[in-house]
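Participant: What follows is final_12.json; its format and atoms are JSON, N, CA and C atoms.
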[["chain", "number", "residue", "atom", "x", "y", "z"],
["A", 1, "MET", "N", -227.74, 144.38, 80.84],
["A", 1, "MET", "CA", -228.68, 143.41, 80.31],
["A", 1, "MET", "C", -230.07, 144.04, 80.30],
["A", 2, "GLU", "N", -230.76, 143.87, 79.23],
["A", 2, "GLU", "CA", -232.14, 144.34, 79.11],
["A", 2, "GLU", "C", -233.09, 143.16, 79.17],
["A", 3, "ILE", "N", -234.36, 143.48, 79.36],
["A", 3, "ILE", "CA", -235.37, 142.42, 79.44],
["A", 3, "ILE", "C", -235.40, 141.59, 78.16],
["A", 4, "THR", "N", -235.14, 142.23, 77.01],
["A", 4, "THR", "CA", -235.13, 141.47, 75.76],
["A", 4, "THR", "C", -233.98, 140.46, 75.75],
["A", 5, "ASP", "N", -232.85, 140.82, 76.37],
["A", 5, "ASP", "CA", -231.73, 139.88, 76.48],
["A", 5, "ASP", "C", -232.13, 138.67, 77.32],
["A", 6, "LEU", "N", -232.81, 138.94, 78.41],
["A", 6, "LEU", "CA", -233.26, 137.87, 79.29],
["A", 6, "LEU", "C", -234.26, 136.97, 78.57],
["A", 7, "ASN", "N", -235.18, 137.58, 77.84],
["A", 7, "ASN", "CA", -236.15, 136.79, 77.06],
["A", 7, "ASN", "C", -235.44, 135.92, 76.04],
["A", 8, "ARG", "N", -234.41, 136.47, 75.40],
["A", 8, "ARG", "CA", -233.66, 135.71, 74.39],
["A", 8, "ARG", "C", -233.00, 134.49, 75.04],
["A", 9, "ILE", "N", -232.45, 134.65, 76.22],
["A", 9, "ILE", "CA", -231.82, 133.53, 76.94],
["A", 9, "ILE", "C", -232.86, 132.45, 77.23],
["A", 10, "TYR", "N", -234.01, 132.85, 77.74],
["A", 10, "TYR", "CA", -235.07, 131.88, 78.02],
["A", 10, "TYR", "C", -235.53, 131.17, 76.75],
["A", 11, "LEU", "N", -235.63, 131.93, 75.66],
["A", 11, "LEU", "CA", -236.04, 131.35, 74.38],
["A", 11, "LEU", "C", -235.03, 130.30, 73.92],
["A", 12, "GLU", "N", -233.74, 130.63, 74.01],
["A", 12, "GLU", "CA", -232.69, 129.68, 73.59],
["A", 12, "GLU", "C", -232.69, 128.44, 74.46],
["A", 13, "GLU", "N", -233.01, 128.59, 75.75],
["A", 13, "GLU", "CA", -233.07, 127.45, 76.66],
["A", 13, "GLU", "C", -234.33, 126.61, 76.44],
["A", 14, "GLY", "N", -235.31, 127.19, 75.75],
["A", 14, "GLY", "CA", -236.58, 126.51, 75.57],
["A", 14, "GLY", "C", -237.50, 126.65, 76.78],
["A", 15, "SER", "N", -237.19, 127.60, 77.66],
["A", 15, "SER", "CA", -238.01, 127.76, 78.86],
["A", 15, "SER", "C", -238.85, 129.03, 78.85],
["A", 16, "LEU", "N", -238.88, 129.74, 77.72],
["A", 16, "LEU", "CA", -239.67, 130.96, 77.62],
["A", 16, "LEU", "C", -241.15, 130.60, 77.51],
["A", 17, "LYS", "N", -241.95, 131.22, 78.33],
["A", 17, "LYS", "CA", -243.40, 131.04, 78.28],
["A", 17, "LYS", "C", -244.01, 132.40, 77.95],
["A", 18, "VAL", "N", -244.89, 132.41, 76.99],
["A", 18, "VAL", "CA", -245.50, 133.65, 76.51],
["A", 18, "VAL", "C", -246.99, 133.60, 76.81],
["A", 19, "LYS", "N", -247.52, 134.72, 77.25],
["A", 19, "LYS", "CA", -248.95, 134.83, 77.50],
["A", 19, "LYS", "C", -249.43, 136.14, 76.91],
["A", 20, "ILE", "N", -250.50, 136.08, 76.15],
["A", 20, "ILE", "CA", -251.09, 137.29, 75.58],
["A", 20, "ILE", "C", -251.84, 138.00, 76.69],
["A", 21, "LEU", "N", -251.55, 139.27, 76.85],
["A", 21, "LEU", "CA", -252.20, 140.06, 77.88],
["A", 21, "LEU", "C", -253.60, 140.45, 77.39],
["A", 22, "GLY", "N", -254.57, 140.32, 78.27],
["A", 22, "GLY", "CA", -255.95, 140.60, 77.91],
["A", 22, "GLY", "C", -256.27, 142.08, 77.79],
["A", 23, "ARG", "N", -257.47, 142.34, 77.37],
["A", 23, "ARG", "CA", -257.94, 143.71, 77.22],
["A", 23, "ARG", "C", -257.92, 144.41, 78.57],
["A", 24, "GLY", "N", -257.49, 145.64, 78.57],
["A", 24, "GLY", "CA", -257.44, 146.42, 79.80],
["A", 24, "GLY", "C", -256.13, 146.28, 80.55],
["A", 25, "VAL", "N", -255.23, 145.43, 80.06],
["A", 25, "VAL", "CA", -253.93, 145.26, 80.69],
["A", 25, "VAL", "C", -252.94, 146.16, 79.97],
["A", 26, "ALA", "N", -252.13, 146.85, 80.73],
["A", 26, "ALA", "CA", -251.13, 147.74, 80.13],
["A", 26, "ALA", "C", -249.75, 147.32, 80.61],
["A", 27, "TRP", "N", -248.83, 147.18, 79.69],
["A", 27, "TRP", "CA", -247.43, 146.90, 80.02],
["A", 27, "TRP", "C", -246.71, 148.24, 80.01],
["A", 28, "LEU", "N", -246.15, 148.61, 81.15],
["A", 28, "LEU", "CA", -245.49, 149.91, 81.28],
["A", 28, "LEU", "C", -243.98, 149.71, 81.43],
["A", 29, "ASP", "N", -243.24, 150.25, 80.50],
["A", 29, "ASP", "CA", -241.78, 150.18, 80.54],
["A", 29, "ASP", "C", -241.28, 151.39, 81.32],
["A", 30, "ALA", "N", -240.47, 151.16, 82.32],
["A", 30, "ALA", "CA", -239.93, 152.25, 83.12],
["A", 30, "ALA", "C", -238.40, 152.20, 83.12],
["A", 31, "ARG", "N", -237.86, 151.89, 81.97],
["A", 31, "ARG", "CA", -236.41, 151.72, 81.84],
["A", 31, "ARG", "C", -235.67, 153.05, 81.76],
["A", 32, "THR", "N", -236.31, 154.07, 81.22],
["A", 32, "THR", "CA", -235.66, 155.37, 81.08],
["A", 32, "THR", "C", -236.43, 156.41, 81.90],
["A", 33, "HIS", "N", -235.82, 157.57, 82.09],
["A", 33, "HIS", "CA", -236.51, 158.64, 82.82],
["A", 33, "HIS", "C", -237.81, 159.02, 82.11],
["A", 34, "GLU", "N", -237.76, 159.10, 80.79],
["A", 34, "GLU", "CA", -238.94, 159.48, 80.02],
["A", 34, "GLU", "C", -240.04, 158.43, 80.13],
["A", 35, "SER", "N", -239.68, 157.14, 80.01],
["A", 35, "SER", "CA", -240.71, 156.10, 80.08],
["A", 35, "SER", "C", -241.26, 155.96, 81.50],
["A", 36, "LEU", "N", -240.44, 156.23, 82.51],
["A", 36, "LEU", "CA", -240.93, 156.22, 83.89],
["A", 36, "LEU", "C", -241.94, 157.34, 84.09],
["A", 37, "LEU", "N", -241.65, 158.52, 83.55],
["A", 37, "LEU", "CA", -242.58, 159.64, 83.64],
["A", 37, "LEU", "C", -243.88, 159.32, 82.92],
["A", 38, "GLN", "N", -243.79, 158.73, 81.73],
["A", 38, "GLN", "CA", -244.98, 158.36, 80.98],
["A", 38, "GLN", "C", -245.82, 157.34, 81.75],
["A", 39, "ALA", "N", -245.17, 156.38, 82.37],
["A", 39, "ALA", "CA", -245.90, 155.37, 83.16],
["A", 39, "ALA", "C", -246.59, 156.04, 84.36],
["A", 40, "SER", "N", -245.90, 156.97, 85.00],
["A", 40, "SER", "CA", -246.47, 157.67, 86.15],
["A", 40, "SER", "C", -247.71, 158.47, 85.75],
["A", 41, "VAL", "N", -247.62, 159.17, 84.64],
["A", 41, "VAL", "CA", -248.75, 159.96, 84.15],
["A", 41, "VAL", "C", -249.92, 159.05, 83.79],
["A", 42, "PHE", "N", -249.64, 157.91, 83.18],
["A", 42, "PHE", "CA", -250.68, 156.95, 82.83],
["A", 42, "PHE", "C", -251.42, 156.47, 84.08],
["A", 43, "VAL", "N", -250.65, 156.06, 85.09],
["A", 43, "VAL", "CA", -251.26, 155.56, 86.33],
["A", 43, "VAL", "C", -252.08, 156.66, 86.99],
["A", 44, "GLN", "N", -251.54, 157.85, 87.06],
["A", 44, "GLN", "CA", -252.26, 158.97, 87.66],
["A", 44, "GLN", "C", -253.57, 159.23, 86.93],
["A", 45, "THR", "N", -253.55, 159.22, 85.61],
["A", 45, "THR", "CA", -254.74, 159.47, 84.81],
["A", 45, "THR", "C", -255.80, 158.41, 85.05],
["A", 46, "VAL", "N", -255.42, 157.15, 85.03],
["A", 46, "VAL", "CA", -256.38, 156.06, 85.25],
["A", 46, "VAL", "C", -256.98, 156.16, 86.65],
["A", 47, "GLU", "N", -256.14, 156.38, 87.65],
["A", 47, "GLU", "CA", -256.64, 156.45, 89.02],
["A", 47, "GLU", "C", -257.61, 157.62, 89.21],
["A", 48, "GLU", "N", -257.27, 158.78, 88.65],
["A", 48, "GLU", "CA", -258.14, 159.95, 88.81],
["A", 48, "GLU", "C", -259.45, 159.78, 88.07],
["A", 49, "ARG", "N", -259.42, 159.23, 86.86],
["A", 49, "ARG", "CA", -260.64, 159.12, 86.06],
["A", 49, "ARG", "C", -261.55, 157.99, 86.53],
["A", 50, "GLN", "N", -260.96, 156.90, 87.03],
["A", 50, "GLN", "CA", -261.78, 155.75, 87.44],
["A", 50, "GLN", "C", -262.05, 155.71, 88.94],
["A", 51, "GLY", "N", -261.31, 156.51, 89.71],
["A", 51, "GLY", "CA", -261.50, 156.51, 91.15],
["A", 51, "GLY", "C", -261.00, 155.23, 91.81],
["A", 52, "LEU", "N", -260.13, 154.52, 91.13],
["A", 52, "LEU", "CA", -259.57, 153.27, 91.65],
["A", 52, "LEU", "C", -258.06, 153.39, 91.73],
["A", 53, "MET", "N", -257.46, 152.72, 92.70],
["A", 53, "MET", "CA", -256.00, 152.68, 92.78],
["A", 53, "MET", "C", -255.51, 151.44, 92.04],
["A", 54, "LEU", "N", -254.43, 151.58, 91.33],
["A", 54, "LEU", "CA", -253.84, 150.45, 90.62],
["A", 54, "LEU", "C", -252.83, 149.75, 91.53],
["A", 55, "SER", "N", -252.84, 148.45, 91.50],
["A", 55, "SER", "CA", -251.89, 147.62, 92.25],
["A", 55, "SER", "C", -251.92, 147.90, 93.74],
["A", 56, "CYS", "N", -253.10, 147.95, 94.31],
["A", 56, "CYS", "CA", -253.27, 148.14, 95.75],
["A", 56, "CYS", "C", -253.29, 146.75, 96.39],
["A", 57, "PRO", "N", -252.20, 146.33, 97.05],
["A", 57, "PRO", "CA", -252.10, 144.96, 97.57],
["A", 57, "PRO", "C", -253.24, 144.56, 98.51],
["A", 58, "GLU", "N", -253.66, 145.48, 99.38],
["A", 58, "GLU", "CA", -254.73, 145.15, 100.31],
["A", 58, "GLU", "C", -256.05, 144.89, 99.58],
["A", 59, "GLU", "N", -256.34, 145.71, 98.59],
["A", 59, "GLU", "CA", -257.58, 145.52, 97.82],
["A", 59, "GLU", "C", -257.52, 144.22, 97.01],
["A", 60, "ILE", "N", -256.38, 143.94, 96.43],
["A", 60, "ILE", "CA", -256.20, 142.71, 95.66],
["A", 60, "ILE", "C", -256.40, 141.49, 96.57],
["A", 61, "ALA", "N", -255.77, 141.53, 97.76],
["A", 61, "ALA", "CA", -255.90, 140.42, 98.71],
["A", 61, "ALA", "C", -257.35, 140.21, 99.11],
["A", 62, "TYR", "N", -258.08, 141.31, 99.32],
["A", 62, "TYR", "CA", -259.50, 141.21, 99.69],
["A", 62, "TYR", "C", -260.33, 140.64, 98.55],
["A", 63, "ARG", "N", -260.15, 141.16, 97.36],
["A", 63, "ARG", "CA", -260.94, 140.70, 96.20],
["A", 63, "ARG", "C", -260.65, 139.24, 95.84],
["A", 64, "MET", "N", -259.42, 138.79, 96.13],
["A", 64, "MET", "CA", -259.06, 137.40, 95.82],
["A", 64, "MET", "C", -259.39, 136.45, 96.97],
["A", 65, "GLY", "N", -259.92, 136.98, 98.07],
["A", 65, "GLY", "CA", -260.34, 136.14, 99.18],
["A", 65, "GLY", "C", -259.23, 135.75, 100.15],
["A", 66, "PHE", "N", -258.08, 136.41, 100.06],
["A", 66, "PHE", "CA", -256.97, 136.10, 100.98],
["A", 66, "PHE", "C", -257.19, 136.72, 102.35],
["A", 67, "ILE", "N", -257.93, 137.83, 102.39],
["A", 67, "ILE", "CA", -258.30, 138.46, 103.65],
["A", 67, "ILE", "C", -259.79, 138.78, 103.59],
["A", 68, "ASP", "N", -260.41, 138.89, 104.77],
["A", 68, "ASP", "CA", -261.83, 139.22, 104.79],
["A", 68, "ASP", "C", -262.02, 140.73, 104.97],
["A", 69, "LYS", "N", -263.28, 141.16, 104.98],
["A", 69, "LYS", "CA", -263.58, 142.59, 105.06],
["A", 69, "LYS", "C", -263.03, 143.21, 106.34],
["A", 70, "GLN", "N", -263.12, 142.49, 107.44],
["A", 70, "GLN", "CA", -262.63, 142.99, 108.73],
["A", 70, "GLN", "C", -261.11, 143.20, 108.69],
["A", 71, "GLN", "N", -260.39, 142.26, 108.13],
["A", 71, "GLN", "CA", -258.94, 142.40, 108.01],
["A", 71, "GLN", "C", -258.58, 143.56, 107.09],
["A", 72, "HIS", "N", -259.34, 143.71, 106.01],
["A", 72, "HIS", "CA", -259.12, 144.81, 105.08],
["A", 72, "HIS", "C", -259.30, 146.15, 105.77],
["A", 73, "MET", "N", -260.39, 146.29, 106.54],
["A", 73, "MET", "CA", -260.65, 147.53, 107.27],
["A", 73, "MET", "C", -259.56, 147.81, 108.30],
["A", 74, "HIS", "N", -259.09, 146.76, 108.95],
["A", 74, "HIS", "CA", -258.03, 146.92, 109.96],
["A", 74, "HIS", "C", -256.75, 147.45, 109.30],
["A", 75, "LEU", "N", -256.41, 146.93, 108.14],
["A", 75, "LEU", "CA", -255.23, 147.40, 107.42],
["A", 75, "LEU", "C", -255.37, 148.87, 107.05],
["A", 76, "GLY", "N", -256.56, 149.29, 106.66],
["A", 76, "GLY", "CA", -256.81, 150.69, 106.33],
["A", 76, "GLY", "C", -256.63, 151.59, 107.53],
["A", 77, "LYS", "N", -257.02, 151.11, 108.70],
["A", 77, "LYS", "CA", -256.90, 151.91, 109.92],
["A", 77, "LYS", "C", -255.47, 151.96, 110.44],
["A", 78, "GLU", "N", -254.69, 150.90, 110.17],
["A", 78, "GLU", "CA", -253.30, 150.84, 110.63],
["A", 78, "GLU", "C", -252.42, 151.90, 109.97],
["A", 79, "ILE", "N", -252.75, 152.23, 108.73],
["A", 79, "ILE", "CA", -251.95, 153.20, 107.98],
["A", 79, "ILE", "C", -252.35, 154.59, 108.44],
["A", 80, "ASN", "N", -251.36, 155.47, 108.57],
["A", 80, "ASN", "CA", -251.66, 156.85, 108.97],
["A", 80, "ASN", "C", -252.66, 157.47, 108.03],
["A", 81, "ASN", "N", -253.37, 158.46, 108.53],
["A", 81, "ASN", "CA", -254.37, 159.14, 107.70],
["A", 81, "ASN", "C", -253.72, 159.79, 106.49],
["A", 82, "ASN", "N", -254.03, 159.26, 105.34],
["A", 82, "ASN", "CA", -253.55, 159.81, 104.07],
["A", 82, "ASN", "C", -254.50, 159.34, 102.98],
["A", 83, "GLN", "N", -254.24, 159.71, 101.76],
["A", 83, "GLN", "CA", -255.12, 159.36, 100.65],
["A", 83, "GLN", "C", -255.23, 157.84, 100.49],
["A", 84, "TYR", "N", -254.13, 157.12, 100.71],
["A", 84, "TYR", "CA", -254.14, 155.67, 100.55],
["A", 84, "TYR", "C", -255.02, 155.01, 101.61],
["A", 85, "SER", "N", -254.88, 155.42, 102.88],
["A", 85, "SER", "CA", -255.70, 154.82, 103.94],
["A", 85, "SER", "C", -257.17, 155.18, 103.73],
["A", 86, "ASP", "N", -257.45, 156.41, 103.27],
["A", 86, "ASP", "CA", -258.83, 156.80, 102.98],
["A", 86, "ASP", "C", -259.42, 155.90, 101.90],
["A", 87, "TYR", "N", -258.63, 155.58, 100.89],
["A", 87, "TYR", "CA", -259.09, 154.69, 99.81],
["A", 87, "TYR", "C", -259.41, 153.31, 100.36],
["A", 88, "LEU", "N", -258.53, 152.77, 101.20],
["A", 88, "LEU", "CA", -258.76, 151.44, 101.77],
["A", 88, "LEU", "C", -260.03, 151.41, 102.61],
["A", 89, "LYS", "N", -260.24, 152.44, 103.40],
["A", 89, "LYS", "CA", -261.42, 152.49, 104.26],
["A", 89, "LYS", "C", -262.70, 152.61, 103.46],
["A", 90, "LYS", "N", -262.61, 153.28, 102.32],
["A", 90, "LYS", "CA", -263.78, 153.47, 101.45],
["A", 90, "LYS", "C", -264.14, 152.14, 100.81]]
As structure tokens - that is how I would like this structure written.
Facilitator:
Amino acid sequence: MEITDLNRIYLEEGSLKVKILGRGVAWLDARTHESLLQASVFVQTVEERQGLMLSCPEEIAYRMGFIDKQQHMHLGKEINNNQYSDYLKK
């Protein structure tokens, strides 16, 4: 079953909800080896050029007000020293 099959089922049931993705949103298909590689290269390029990590749960939670700055810093310190923990601490 592919995602289009699932969408077709929802459409036939009348329960399909569609939302137009805004500017700056990218839909990445990772169904094949080639598309997974393309998605990986895209994410790497965006992160390197913008200096931001994509889909960083701790940062998202902080920006949405689910955790405060102190909790965010604590999470960064809990993770072993690596590029991800350095990003959180920054």
Participant: Could you check the closest approach to A:Tyr84 for each of A:Lys19, A:Asp5, A:Glu59, A:Ala26 and tell me which residue wins, using only C-alpha atoms?
Facilitator: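 Nearest candidate to A:Tyr84 out of A:Lys19, A:Asp5, A:Glu59, A:Ala26: A:Glu59.
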Participant: Restricting the calculation to only C-alpha atoms: of A:Leu88, A:Asp29, A:Glu48, A:Leu21, which residue gets closest to A:Tyr62?
Facilitator: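 Among the listed residues, the smallest separation from A:Tyr62 belongs to A:Leu88.
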Participant: Atom N of A:Glu47 and atom C of A:Gln71 are how many Å apart?
Facilitator: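 Going from atom N of A:Glu47 over to atom C of A:Gln71 covers 23.4 Å.
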Participant: Could you pull out the alpha helix (DSSP H) residues of chain A from DSSP and send them as number ranges by chain?
Facilitator: A: 3-13, 33-50, 57-63, 69-78, 83-89
Participant: What would the list of residues within 8 Å of (-259.5, 148.6, 105.5) (file frame) look like as a count of residues only, if only N, CA and C atoms are what count?
Facilitator: 16
